[in-house]
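With mmCIF, C-alpha atoms (C1' of nucleotides) inside, this is start.cif:
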data_run
#
loop_
_atom_site.label_atom_id
_atom_site.label_comp_id
_atom_site.auth_asym_id
_atom_site.auth_seq_id
_atom_site.Cartn_x
_atom_site.Cartn_y
_atom_site.Cartn_z
CA MET A 14 5.24 30.35 -12.95
CA GLN A 15 7.73 27.64 -13.82
CA ASP A 16 10.94 27.39 -11.95
CA SER A 17 12.97 30.01 -13.68
CA ALA A 18 13.63 31.44 -10.29
CA ALA A 19 14.11 28.05 -8.71
CA ILE A 20 17.20 27.24 -10.69
CA GLY A 21 19.57 27.41 -7.83
CA MET A 22 18.71 28.54 -4.36
CA ALA A 23 15.29 30.14 -4.64
CA ALA A 24 13.89 29.25 -1.27
CA SER A 25 10.53 30.58 -2.39
CA VAL A 26 8.15 27.93 -3.54
CA GLY A 27 5.40 28.50 -6.03
CA PRO A 28 2.78 25.81 -6.51
CA CYS A 29 5.18 23.27 -5.13
CA ALA A 30 4.22 24.14 -1.58
CA SER A 31 1.27 21.80 -1.57
CA ILE A 32 2.85 19.70 1.10
CA PRO A 33 4.68 21.55 3.84
CA ALA A 34 7.48 18.98 3.96
CA ASP A 35 7.12 18.82 7.71
CA HIS A 36 3.98 16.85 7.03
CA MET A 37 5.67 14.62 4.50
CA ASP A 38 7.20 12.49 7.18
CA LEU A 39 4.04 11.75 9.09
CA ILE A 40 2.13 11.18 5.91
CA ARG A 41 4.70 8.63 4.93
CA GLN A 42 4.41 6.96 8.30
CA VAL A 43 0.66 6.70 8.17
CA LEU A 44 0.63 5.62 4.56
CA ASP A 45 3.13 2.93 5.34
CA ARG A 46 0.66 1.64 7.90
CA VAL A 47 -2.75 1.93 6.35
CA GLY A 48 -1.53 2.10 2.79
CA ASP A 49 -0.39 -1.46 2.65
CA LYS A 50 -2.31 -4.08 0.86
CA TRP A 51 -4.44 -5.39 3.69
CA SER A 52 -4.84 -2.89 6.53
CA MET A 53 -7.65 -0.90 4.98
CA LEU A 54 -9.37 -4.09 3.99
CA VAL A 55 -9.25 -5.40 7.53
CA ILE A 56 -10.57 -2.12 8.89
CA ALA A 57 -13.37 -2.08 6.38
CA VAL A 58 -14.28 -5.64 7.19
CA LEU A 59 -14.23 -4.97 10.92
CA GLU A 60 -16.77 -2.23 10.50
CA GLY A 61 -19.60 -4.69 10.98
CA GLY A 62 -18.58 -5.29 14.54
CA PRO A 63 -16.29 -7.58 16.52
CA MET A 64 -15.07 -10.49 14.52
CA ARG A 65 -13.08 -13.62 15.14
CA TYR A 66 -9.83 -14.49 13.48
CA THR A 67 -11.23 -16.99 11.04
CA ASP A 68 -14.16 -14.78 10.25
CA VAL A 69 -11.86 -12.02 9.17
CA GLN A 70 -9.94 -14.52 7.14
CA ARG A 71 -13.11 -15.71 5.48
CA GLN A 72 -14.16 -12.17 4.71
CA ILE A 73 -10.93 -11.43 2.92
CA PRO A 74 -10.29 -13.95 0.17
CA GLY A 75 -6.68 -14.27 -0.73
CA ILE A 76 -5.19 -13.26 2.59
CA TYR A 77 -3.01 -15.74 4.34
CA GLN A 78 -2.44 -16.41 8.01
CA ARG A 79 0.94 -14.82 7.94
CA MET A 80 -0.25 -11.52 6.58
CA LEU A 81 -3.49 -11.58 8.49
CA THR A 82 -1.68 -12.11 11.76
CA HIS A 83 0.88 -9.50 10.85
CA THR A 84 -1.71 -6.94 9.82
CA LEU A 85 -3.87 -7.54 12.85
CA ARG A 86 -0.87 -7.17 15.11
CA GLN A 87 0.19 -3.96 13.42
CA LEU A 88 -3.25 -2.45 13.70
CA THR A 89 -3.52 -3.56 17.30
CA GLU A 90 -0.17 -2.02 18.16
CA ASP A 91 -1.24 1.21 16.55
CA GLY A 92 -4.42 1.18 18.57
CA LEU A 93 -6.66 1.10 15.55
CA ILE A 94 -8.27 -2.16 16.53
CA THR A 95 -8.63 -4.04 19.77
CA ARG A 96 -7.84 -7.64 20.43
CA THR A 97 -9.78 -9.55 23.03
CA ALA A 98 -8.72 -13.07 23.87
CA TYR A 99 -11.18 -15.24 25.71
CA ALA A 100 -9.42 -17.85 27.83
CA GLU A 101 -11.86 -20.52 26.94
CA VAL A 102 -11.28 -24.12 26.09
CA PRO A 103 -11.93 -23.45 22.46
CA PRO A 104 -9.74 -20.40 22.12
CA ARG A 105 -11.62 -17.39 20.90
CA VAL A 106 -10.11 -14.11 19.90
CA GLU A 107 -12.18 -11.23 18.76
CA TYR A 108 -10.97 -8.19 16.91
CA ALA A 109 -12.92 -4.98 16.88
CA LEU A 110 -12.53 -1.46 15.68
CA ALA A 111 -11.06 0.87 18.27
CA PRO A 112 -12.28 4.47 18.28
CA LEU A 113 -9.15 5.47 16.44
CA GLY A 114 -9.75 2.88 13.77
CA GLY A 115 -13.36 3.92 13.58
CA GLY A 116 -12.33 7.37 12.53
CA LEU A 117 -10.10 5.95 9.87
CA ASN A 118 -12.89 3.71 8.75
CA GLU A 119 -14.91 6.73 7.76
CA ILE A 120 -12.21 7.66 5.30
CA VAL A 121 -11.80 4.09 4.15
CA LYS A 122 -15.50 3.94 3.44
CA GLN A 123 -15.23 7.04 1.31
CA LEU A 124 -12.33 5.50 -0.52
CA ILE A 125 -14.35 2.38 -1.13
CA GLY A 126 -17.26 4.46 -2.28
CA TRP A 127 -15.00 6.31 -4.67
CA ALA A 128 -13.61 3.02 -5.87
CA ALA A 129 -17.04 1.63 -6.53
CA ASP A 130 -17.92 4.82 -8.31
CA HIS A 131 -14.98 5.02 -10.65
CA HIS A 132 -13.52 1.57 -10.96
CA ASP A 133 -15.15 1.04 -14.32
CA GLU A 134 -13.92 4.41 -15.45
CA ILE A 135 -10.41 3.51 -14.41
CA ARG A 136 -10.63 0.19 -16.15
CA ALA A 137 -11.82 1.95 -19.29
CA ASN A 138 -8.86 4.29 -19.12
CA ARG A 139 -6.46 1.45 -18.67
CA SER A 140 -7.69 -0.11 -21.87
CA ARG A 141 -7.02 3.04 -23.84
CA PRO A 142 -3.99 2.84 -26.10
CA GLY A 143 -2.78 6.43 -26.08
CA ALA A 144 -3.49 6.86 -22.43
CA ALA A 145 -3.66 10.39 -21.11
CA THR A 146 -0.29 11.34 -22.51
CA SER A 147 -0.36 14.39 -24.68
CA SER A 148 2.49 16.00 -26.51
CA ALA A 149 2.77 19.71 -26.84
CA SER A 150 5.20 21.42 -29.14
CA ARG A 151 6.56 24.60 -27.82
CA THR A 152 9.79 26.38 -28.60
CA MET B 19 -25.24 -5.06 5.07
CA GLN B 20 -28.36 -7.06 5.56
CA ASP B 21 -27.81 -9.70 2.96
CA SER B 22 -26.54 -12.69 4.85
CA ALA B 23 -27.24 -11.52 8.33
CA ALA B 24 -30.32 -13.65 8.49
CA ILE B 25 -29.06 -16.76 6.80
CA GLY B 26 -26.00 -17.01 9.00
CA MET B 27 -25.77 -19.35 11.94
CA ALA B 28 -26.50 -16.32 14.07
CA ALA B 29 -24.22 -17.67 16.77
CA SER B 30 -21.55 -15.03 16.37
CA VAL B 31 -21.91 -14.12 12.75
CA GLY B 32 -24.25 -11.23 12.97
CA PRO B 33 -22.22 -8.30 11.73
CA CYS B 34 -19.91 -10.27 9.49
CA ALA B 35 -21.71 -9.17 6.37
CA SER B 36 -20.07 -5.78 6.33
CA ILE B 37 -18.63 -6.18 2.87
CA PRO B 38 -20.93 -7.63 0.21
CA ALA B 39 -18.13 -9.71 -1.29
CA ASP B 40 -19.02 -8.48 -4.74
CA HIS B 41 -17.35 -5.26 -3.72
CA MET B 42 -14.32 -7.03 -2.34
CA ASP B 43 -12.86 -7.49 -5.76
CA LEU B 44 -13.03 -3.88 -6.85
CA ILE B 45 -11.84 -2.72 -3.50
CA ARG B 46 -8.82 -4.92 -3.88
CA GLN B 47 -8.19 -3.54 -7.34
CA VAL B 48 -8.35 0.05 -6.26
CA LEU B 49 -6.30 -0.59 -3.16
CA ASP B 50 -3.68 -2.28 -5.27
CA ARG B 51 -3.46 0.94 -7.24
CA VAL B 52 -3.72 3.76 -4.78
CA GLY B 53 -2.72 1.69 -1.80
CA ASP B 54 0.84 1.24 -2.91
CA LYS B 55 3.60 3.11 -1.29
CA TRP B 56 3.73 6.18 -3.49
CA SER B 57 0.53 6.77 -5.48
CA MET B 58 -1.32 8.72 -2.82
CA LEU B 59 1.77 10.74 -2.13
CA VAL B 60 2.12 11.68 -5.78
CA ILE B 61 -1.52 12.65 -5.99
CA ALA B 62 -1.27 14.75 -2.88
CA VAL B 63 1.82 16.47 -4.17
CA LEU B 64 0.24 17.16 -7.53
CA GLU B 65 -2.58 19.03 -5.87
CA GLY B 66 -0.61 22.25 -6.05
CA GLY B 67 -0.83 22.27 -9.82
CA PRO B 68 1.11 20.91 -12.78
CA MET B 69 4.57 19.82 -11.87
CA ARG B 70 7.64 18.62 -13.64
CA TYR B 71 9.24 15.27 -13.15
CA THR B 72 12.12 16.48 -11.03
CA ASP B 73 9.84 18.73 -9.02
CA VAL B 74 7.73 15.79 -8.02
CA GLN B 75 10.86 13.93 -7.15
CA ARG B 76 12.06 16.79 -5.02
CA GLN B 77 8.72 17.00 -3.26
CA ILE B 78 8.85 13.37 -2.27
CA PRO B 79 12.03 12.60 -0.40
CA GLY B 80 13.00 8.99 -0.58
CA ILE B 81 11.39 8.14 -3.88
CA TYR B 82 13.62 6.95 -6.66
CA GLN B 83 13.38 7.35 -10.40
CA ARG B 84 12.28 3.82 -10.88
CA MET B 85 9.33 4.02 -8.57
CA LEU B 86 8.48 7.57 -9.53
CA THR B 87 8.39 6.68 -13.20
CA HIS B 88 6.45 3.54 -12.47
CA THR B 89 3.93 5.31 -10.26
CA LEU B 90 3.46 8.19 -12.68
CA ARG B 91 2.90 5.78 -15.51
CA GLN B 92 0.39 3.76 -13.53
CA LEU B 93 -1.56 6.83 -12.55
CA THR B 94 -1.45 8.12 -16.11
CA GLU B 95 -2.73 4.84 -17.48
CA ASP B 96 -5.53 4.88 -14.97
CA GLY B 97 -6.43 8.39 -16.03
CA LEU B 98 -5.84 9.86 -12.60
CA ILE B 99 -3.17 12.22 -13.78
CA THR B 100 -2.22 13.68 -17.14
CA ARG B 101 1.18 13.72 -18.73
CA THR B 102 2.17 16.52 -21.05
CA ALA B 103 5.49 16.33 -22.84
CA TYR B 104 6.88 19.49 -24.33
CA ALA B 105 9.11 18.76 -27.29
CA GLU B 106 11.60 21.36 -26.36
CA VAL B 107 15.35 21.29 -26.45
CA PRO B 108 15.50 20.91 -22.71
CA PRO B 109 12.91 18.16 -22.39
CA ARG B 110 10.07 19.15 -20.16
CA VAL B 111 7.31 16.89 -18.96
CA GLU B 112 4.57 18.11 -16.74
CA TYR B 113 2.23 16.01 -14.71
CA ALA B 114 -1.09 17.29 -13.50
CA LEU B 115 -4.13 15.98 -11.71
CA ALA B 116 -6.85 14.73 -14.01
CA PRO B 117 -10.48 15.23 -12.93
CA LEU B 118 -10.56 11.63 -11.82
CA GLY B 119 -7.46 12.06 -9.72
CA GLY B 120 -8.86 15.27 -8.34
CA GLY B 121 -11.76 13.38 -6.88
CA LEU B 122 -9.45 10.91 -5.29
CA ASN B 123 -7.35 13.73 -3.99
CA GLU B 124 -10.25 14.89 -1.85
CA ILE B 125 -10.16 11.58 -0.06
CA VAL B 126 -6.40 11.59 0.12
CA LYS B 127 -6.52 14.99 1.72
CA GLN B 128 -8.89 13.67 4.33
CA LEU B 129 -6.58 10.77 4.95
CA ILE B 130 -3.68 13.13 5.34
CA GLY B 131 -5.72 15.28 7.66
CA TRP B 132 -6.57 12.26 9.71
CA ALA B 133 -2.94 11.26 9.73
CA ALA B 134 -1.86 14.67 10.93
CA ASP B 135 -4.57 14.52 13.54
CA HIS B 136 -3.75 11.16 15.03
CA HIS B 137 -0.18 10.35 14.17
CA ASP B 138 1.01 11.27 17.65
CA GLU B 139 -1.76 9.21 19.13
CA ILE B 140 -0.71 6.26 17.03
CA ARG B 141 2.89 6.71 17.99
CA ALA B 142 1.88 6.81 21.63
CA ASN B 143 -0.02 3.58 21.21
CA ARG B 144 2.89 1.92 19.52
CA SER B 145 5.08 2.70 22.49
CA ARG B 146 2.68 1.06 24.87
CA PRO B 147 3.88 -2.27 26.22
CA GLY B 148 0.63 -4.15 26.61
CA ALA B 149 -0.84 -2.71 23.46
CA ALA B 150 -4.58 -2.92 23.05
CA THR B 151 -4.71 -6.60 23.80
CA SER B 152 -7.06 -7.48 26.56
CA SER B 153 -7.74 -10.87 28.01
CA ALA B 154 -11.14 -11.85 29.14
CA SER B 155 -11.76 -14.90 31.25
CA ARG B 156 -14.97 -16.61 30.52
CA THR B 157 -16.04 -20.18 31.06
"C1'" DC C 22 15.93 16.76 -17.98
"C1'" DG C 23 13.40 12.67 -18.21
"C1'" DG C 24 13.63 8.02 -18.16
"C1'" DA C 25 15.21 3.24 -19.33
"C1'" DA C 26 18.22 -0.61 -18.00
"C1'" DT C 27 20.36 -3.12 -14.54
"C1'" DC C 28 21.63 -5.38 -10.19
"C1'" DC C 29 20.16 -6.90 -5.82
"C1'" DG C 30 18.10 -7.53 -1.24
"C1'" DC C 31 14.14 -7.56 1.48
"C1'" DG C 32 9.87 -8.91 2.42
"C1'" DG C 33 5.20 -10.38 0.78
"C1'" DT C 34 3.03 -14.58 -1.23
"C1'" DG C 35 1.60 -19.30 -0.87
"C1'" DA C 36 1.66 -23.80 1.09
"C1'" DT C 37 2.30 -26.98 4.57
"C1'" DA C 38 3.28 -28.64 9.11
"C1'" DC C 39 3.08 -28.05 13.90
"C1'" DT C 40 1.64 -26.20 18.73
"C1'" DG C 41 -1.36 -24.55 22.69
"C1'" DC D 21 -9.61 -22.24 16.99
"C1'" DA D 22 -5.80 -19.24 16.80
"C1'" DG D 23 -1.94 -18.83 15.78
"C1'" DT D 24 3.57 -19.91 15.06
"C1'" DA D 25 7.41 -21.99 12.12
"C1'" DT D 26 9.60 -22.96 8.10
"C1'" DC D 27 10.60 -22.80 3.25
"C1'" DA D 28 10.69 -21.77 -1.81
"C1'" DC D 29 9.50 -18.41 -4.87
"C1'" DC D 30 9.07 -14.09 -6.92
"C1'" DG D 31 8.03 -9.40 -7.42
"C1'" DC D 32 8.38 -4.82 -5.22
"C1'" DG D 33 11.14 -1.48 -4.35
"C1'" DG D 34 16.02 0.69 -3.32
"C1'" DA D 35 20.18 2.20 -5.52
"C1'" DT D 36 23.28 2.97 -9.40
"C1'" DT D 37 24.42 3.63 -14.10
"C1'" DC D 38 23.61 4.83 -18.68
"C1'" DC D 39 20.90 6.79 -22.68
"C1'" DG D 40 17.86 10.01 -25.76
#

Here is a file; write its structure as structure tokens.
Amino acid sequence: MQDSAAIGMAASVGPCASIPADHMDLIRQVLDRVGDKWSMLVIAVLEGGPMRYTDVQRQIPGIYQRMLTHTLRQLTEDGLITRTAYAEVPPRVEYALAPLGGGLNEIVKQLIGWAADHHDEIRANRSRPGAATSSASRT
Amino acid sequence: MQDSAAIGMAASVGPCASIPADHMDLIRQVLDRVGDKWSMLVIAVLEGGPMRYTDVQRQIPGIYQRMLTHTLRQLTEDGLITRTAYAEVPPRVEYALAPLGGGLNEIVKQLIGWAADHHDEIRANRSRPGAATSSASRT
DNA sequence: CGGAATCCGCGGTGATACTG
DNA sequence: CAGTATCACCGCGGATTCCG
């Protein structure tokens, strides 16, 4: 199949048409949102129900206020989570999964499940010297 | 999700035990891999079958050699994709989805499907002034 | 064609201090 | 308690050039 026909113009696409290119843009946009280091983690953590700021922070070791605030704000702006501020004397703010974020959470859960299922396999592969690189001689 | 629900203070920490904390680490590891800017995109693109270096680059507008090479190497090391180098006069290297990457691709496809399904909704939310922030007055 | 080497800026990381 | 502000540091990633 190669690209012998795709040398120059060749508008026809063989197996390369996996992604319709008009989807590329929106995929990029979404991946830039949820694909960052913390968003999915926050969504996964919020699955258990509404949670306060410090609770989220406690649930995610290694995250810092700056990023937590930033991530929470991003997700709130996107409508994936909701932010409820209680005007009490001890300020309380609770974050919860919005319906939109709930749908994403289903996928995140699958990703986590996959991760738990294959993380050892991945680690084993990473330890391999030759890796998965194979050389084929062909004239 | 029932581990620390009982031993908590029970005041507001009921559902906080969503992530067992022993999973946090591996989730982080996997997210650091596939959650970067390009990995999922490469996997999604490779779904259509084996592809050459430049073909992948053409399929992903905006990616540069540095990141493409880096991402491909990462994924190869992890065993998610395979790299086959043909020792020909015009050097040809083909990347293809490994079984492991194929499994991940199923999830990536769902994520893409979700993205295509809700990207306009997200964009609409982002344009909203008040966002999803609600204030509740409570003594 | 495939990739390494290089330069460089932006932004995430990490800590600390401060406010409402 | 829930952030905001500031800063130093450093690595990711963008962009160009060069090499096998």

Practice item. Grab the Cα RMSD for chain A fitted onto chain B, all atoms paired in sequence order, one decimal please. Key: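 Here the C-alpha RMSD works out to 3.5 Å.
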
Exercise for review: Write out as a list in words each polymer residue whose atoms come within 10 Å of DG32 of chain C, counting only C-alpha atoms (C1' of nucleotides); drop sequence neighbours fewer than 2 positions from it.
Suggested key: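 With the cut-off at 10 Å, the set is DG30 and DT34 of chain C; DC32 of chain D.
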
Check your understanding: Counting only C-alpha atoms (C1' of nucleotides), which residues from chain C have an atom at most 8 Å from any atom of chain B, and could you show them as a VMD selection string?
Key -> chain C and resid 22 to 24

Check your understanding: Which distance in Å separates atom C1' of DC30 of chain D and atom CA of Val60 of chain B, to one decimal?
Key ->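 A separation of 26.7 Å between them.
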
**Study point:** Atom-to-atom span, atom CA of Arg76 of chain B and atom CA of Ile32 of chain A, Å
**Key:** 11.4 Å

Check your understanding: Given a cut-off of 10 Å, which residues of chain B touch chain D, counting only C-alpha atoms (C1' of nucleotides), written out as JSON, numbers by chain?
Key -> {"B": [54, 55, 80, 81, 82, 83, 84, 85]}

Residue subset to file, keeping C-alpha atoms, as a PDB file, in the frame of the given file:
ATOM      1  CA  ASP B  54       0.840   1.240  -2.910  1.00  0.00           C
ATOM      2  CA  LYS B  55       3.600   3.110  -1.290  1.00  0.00           C
ATOM      3  CA  GLY B  80      13.000   8.990  -0.580  1.00  0.00           C
ATOM      4  CA  ILE B  81      11.390   8.140  -3.880  1.00  0.00           C
ATOM      5  CA  TYR B  82      13.620   6.950  -6.660  1.00  0.00           C
ATOM      6  CA  GLN B  83      13.380   7.350 -10.400  1.00  0.00           C
ATOM      7  CA  ARG B  84      12.280   3.820 -10.880  1.00  0.00           C
ATOM      8  CA  MET B  85       9.330   4.020  -8.570  1.00  0.00           C
TER       9      MET B  85
END

**Study point:** Selection under test: the PyMOL selection byres ((chain B) within 7 of (chain A)); residues as JSON, numbers by chain
**Key:** {"B": [33, 34, 35, 36, 37, 44, 45, 48, 49, 50, 53, 54, 55, 63, 65, 66, 67, 94, 95, 96, 97, 100, 101, 102, 103, 104, 105, 106, 125, 128, 129, 130, 133, 134, 137, 140, 143, 144, 149, 150, 151, 152, 153, 154, 155, 156, 157]}

How would the residues just chosen look if you wrote them out with C-alpha atoms as a short mmCIF file (atom, residue, chain, number, x, y, z; two decimals), in the coordinates of the input?
data_model
loop_
_atom_site.label_atom_id
_atom_site.label_comp_id
_atom_site.auth_asym_id
_atom_site.auth_seq_id
_atom_site.Cartn_x
_atom_site.Cartn_y
_atom_site.Cartn_z
CA PRO B 33 -22.22 -8.30 11.73
CA CYS B 34 -19.91 -10.27 9.49
CA ALA B 35 -21.71 -9.17 6.37
CA SER B 36 -20.07 -5.78 6.33
CA ILE B 37 -18.63 -6.18 2.87
CA LEU B 44 -13.03 -3.88 -6.85
CA ILE B 45 -11.84 -2.72 -3.50
CA VAL B 48 -8.35 0.05 -6.26
CA LEU B 49 -6.30 -0.59 -3.16
CA ASP B 50 -3.68 -2.28 -5.27
CA GLY B 53 -2.72 1.69 -1.80
CA ASP B 54 0.84 1.24 -2.91
CA LYS B 55 3.60 3.11 -1.29
CA VAL B 63 1.82 16.47 -4.17
CA GLU B 65 -2.58 19.03 -5.87
CA GLY B 66 -0.61 22.25 -6.05
CA GLY B 67 -0.83 22.27 -9.82
CA THR B 94 -1.45 8.12 -16.11
CA GLU B 95 -2.73 4.84 -17.48
CA ASP B 96 -5.53 4.88 -14.97
CA GLY B 97 -6.43 8.39 -16.03
CA THR B 100 -2.22 13.68 -17.14
CA ARG B 101 1.18 13.72 -18.73
CA THR B 102 2.17 16.52 -21.05
CA ALA B 103 5.49 16.33 -22.84
CA TYR B 104 6.88 19.49 -24.33
CA ALA B 105 9.11 18.76 -27.29
CA GLU B 106 11.60 21.36 -26.36
CA ILE B 125 -10.16 11.58 -0.06
CA GLN B 128 -8.89 13.67 4.33
CA LEU B 129 -6.58 10.77 4.95
CA ILE B 130 -3.68 13.13 5.34
CA ALA B 133 -2.94 11.26 9.73
CA ALA B 134 -1.86 14.67 10.93
CA HIS B 137 -0.18 10.35 14.17
CA ILE B 140 -0.71 6.26 17.03
CA ASN B 143 -0.02 3.58 21.21
CA ARG B 144 2.89 1.92 19.52
CA ALA B 149 -0.84 -2.71 23.46
CA ALA B 150 -4.58 -2.92 23.05
CA THR B 151 -4.71 -6.60 23.80
CA SER B 152 -7.06 -7.48 26.56
CA SER B 153 -7.74 -10.87 28.01
CA ALA B 154 -11.14 -11.85 29.14
CA SER B 155 -11.76 -14.90 31.25
CA ARG B 156 -14.97 -16.61 30.52
CA THR B 157 -16.04 -20.18 31.06
#

Practice item. Could you tell me how far atom CA of Leu110 of chain A lies from atom CA of Asp130 of chain A, in Å and to one decimal? Key: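 Computing it gives 25.4 Å between the two atoms.
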
If I only have part of segment 121-140 of chain B, can you fill in N, CA, C and O atoms and write it as a PDB file, in the coordinates of the input?
ATOM      1  N   GLY B 121     -10.780  13.943  -7.795  1.00  0.00           N
ATOM      2  CA  GLY B 121     -11.760  13.380  -6.880  1.00  0.00           C
ATOM      3  C   GLY B 121     -11.118  12.522  -5.820  1.00  0.00           C
ATOM      4  O   GLY B 121     -11.472  12.579  -4.651  1.00  0.00           O
ATOM      5  N   LEU B 122     -10.157  11.749  -6.256  1.00  0.00           N
ATOM      6  CA  LEU B 122      -9.450  10.910  -5.290  1.00  0.00           C
ATOM      7  C   LEU B 122      -8.658  11.754  -4.315  1.00  0.00           C
ATOM      8  O   LEU B 122      -8.519  11.413  -3.144  1.00  0.00           O
ATOM      9  N   ASN B 123      -8.158  12.858  -4.825  1.00  0.00           N
ATOM     10  CA  ASN B 123      -7.350  13.730  -3.990  1.00  0.00           C
ATOM     11  C   ASN B 123      -8.134  14.240  -2.783  1.00  0.00           C
ATOM     12  O   ASN B 123      -7.578  14.437  -1.707  1.00  0.00           O
ATOM     13  N   GLU B 124      -9.422  14.441  -2.962  1.00  0.00           N
ATOM     14  CA  GLU B 124     -10.250  14.890  -1.850  1.00  0.00           C
ATOM     15  C   GLU B 124     -10.184  13.886  -0.705  1.00  0.00           C
ATOM     16  O   GLU B 124     -10.079  14.250   0.466  1.00  0.00           O
ATOM     17  N   ILE B 125     -10.227  12.625  -1.074  1.00  0.00           N
ATOM     18  CA  ILE B 125     -10.160  11.580  -0.060  1.00  0.00           C
ATOM     19  C   ILE B 125      -8.764  11.483   0.517  1.00  0.00           C
ATOM     20  O   ILE B 125      -8.579  11.299   1.719  1.00  0.00           O
ATOM     21  N   VAL B 126      -7.790  11.627  -0.347  1.00  0.00           N
ATOM     22  CA  VAL B 126      -6.400  11.590   0.120  1.00  0.00           C
ATOM     23  C   VAL B 126      -6.150  12.711   1.113  1.00  0.00           C
ATOM     24  O   VAL B 126      -5.488  12.512   2.135  1.00  0.00           O
ATOM     25  N   LYS B 127      -6.696  13.866   0.811  1.00  0.00           N
ATOM     26  CA  LYS B 127      -6.520  14.990   1.720  1.00  0.00           C
ATOM     27  C   LYS B 127      -7.122  14.685   3.092  1.00  0.00           C
ATOM     28  O   LYS B 127      -6.557  15.024   4.125  1.00  0.00           O
ATOM     29  N   GLN B 128      -8.281  14.047   3.064  1.00  0.00           N
ATOM     30  CA  GLN B 128      -8.890  13.670   4.330  1.00  0.00           C
ATOM     31  C   GLN B 128      -8.021  12.691   5.089  1.00  0.00           C
ATOM     32  O   GLN B 128      -7.875  12.767   6.310  1.00  0.00           O
ATOM     33  N   LEU B 129      -7.453  11.761   4.326  1.00  0.00           N
ATOM     34  CA  LEU B 129      -6.580  10.770   4.950  1.00  0.00           C
ATOM     35  C   LEU B 129      -5.362  11.444   5.564  1.00  0.00           C
ATOM     36  O   LEU B 129      -4.949  11.117   6.678  1.00  0.00           O
ATOM     37  N   ILE B 130      -4.829  12.400   4.837  1.00  0.00           N
ATOM     38  CA  ILE B 130      -3.680  13.130   5.340  1.00  0.00           C
ATOM     39  C   ILE B 130      -4.064  13.935   6.578  1.00  0.00           C
ATOM     40  O   ILE B 130      -3.339  13.995   7.565  1.00  0.00           O
ATOM     41  N   GLY B 131      -5.241  14.540   6.500  1.00  0.00           N
ATOM     42  CA  GLY B 131      -5.720  15.280   7.660  1.00  0.00           C
ATOM     43  C   GLY B 131      -5.883  14.393   8.864  1.00  0.00           C
ATOM     44  O   GLY B 131      -5.484  14.743   9.985  1.00  0.00           O
ATOM     45  N   TRP B 132      -6.414  13.219   8.611  1.00  0.00           N
ATOM     46  CA  TRP B 132      -6.570  12.260   9.710  1.00  0.00           C
ATOM     47  C   TRP B 132      -5.215  11.850  10.250  1.00  0.00           C
ATOM     48  O   TRP B 132      -5.026  11.703  11.449  1.00  0.00           O
ATOM     49  N   ALA B 133      -4.288  11.654   9.336  1.00  0.00           N
ATOM     50  CA  ALA B 133      -2.940  11.260   9.730  1.00  0.00           C
ATOM     51  C   ALA B 133      -2.310  12.335  10.603  1.00  0.00           C
ATOM     52  O   ALA B 133      -1.729  12.052  11.655  1.00  0.00           O
ATOM     53  N   ALA B 134      -2.438  13.577  10.165  1.00  0.00           N
ATOM     54  CA  ALA B 134      -1.860  14.670  10.930  1.00  0.00           C
ATOM     55  C   ALA B 134      -2.543  14.814  12.283  1.00  0.00           C
ATOM     56  O   ALA B 134      -1.944  15.261  13.260  1.00  0.00           O
ATOM     57  N   ASP B 135      -3.774  14.368  12.326  1.00  0.00           N
ATOM     58  CA  ASP B 135      -4.570  14.520  13.540  1.00  0.00           C
ATOM     59  C   ASP B 135      -4.254  13.448  14.582  1.00  0.00           C
ATOM     60  O   ASP B 135      -4.377  13.678  15.780  1.00  0.00           O
ATOM     61  N   HIS B 136      -3.876  12.286  14.102  1.00  0.00           N
ATOM     62  CA  HIS B 136      -3.750  11.160  15.030  1.00  0.00           C
ATOM     63  C   HIS B 136      -2.399  10.486  15.018  1.00  0.00           C
ATOM     64  O   HIS B 136      -2.232   9.458  15.652  1.00  0.00           O
ATOM     65  N   HIS B 137      -1.465  11.043  14.290  1.00  0.00           N
ATOM     66  CA  HIS B 137      -0.180  10.350  14.170  1.00  0.00           C
ATOM     67  C   HIS B 137       0.517  10.272  15.530  1.00  0.00           C
ATOM     68  O   HIS B 137       1.153   9.270  15.852  1.00  0.00           O
ATOM     69  N   ASP B 138       0.370  11.312  16.329  1.00  0.00           N
ATOM     70  CA  ASP B 138       1.010  11.270  17.650  1.00  0.00           C
ATOM     71  C   ASP B 138       0.302  10.261  18.546  1.00  0.00           C
ATOM     72  O   ASP B 138       0.925   9.583  19.361  1.00  0.00           O
ATOM     73  N   GLU B 139      -0.989  10.174  18.357  1.00  0.00           N
ATOM     74  CA  GLU B 139      -1.760   9.210  19.130  1.00  0.00           C
ATOM     75  C   GLU B 139      -1.338   7.785  18.768  1.00  0.00           C
ATOM     76  O   GLU B 139      -1.185   6.914  19.627  1.00  0.00           O
ATOM     77  N   ILE B 140      -1.147   7.578  17.481  1.00  0.00           N
ATOM     78  CA  ILE B 140      -0.710   6.260  17.030  1.00  0.00           C
ATOM     79  C   ILE B 140       0.677   5.948  17.561  1.00  0.00           C
ATOM     80  O   ILE B 140       0.940   4.849  18.052  1.00  0.00           O
TER      81      ILE B 140
END
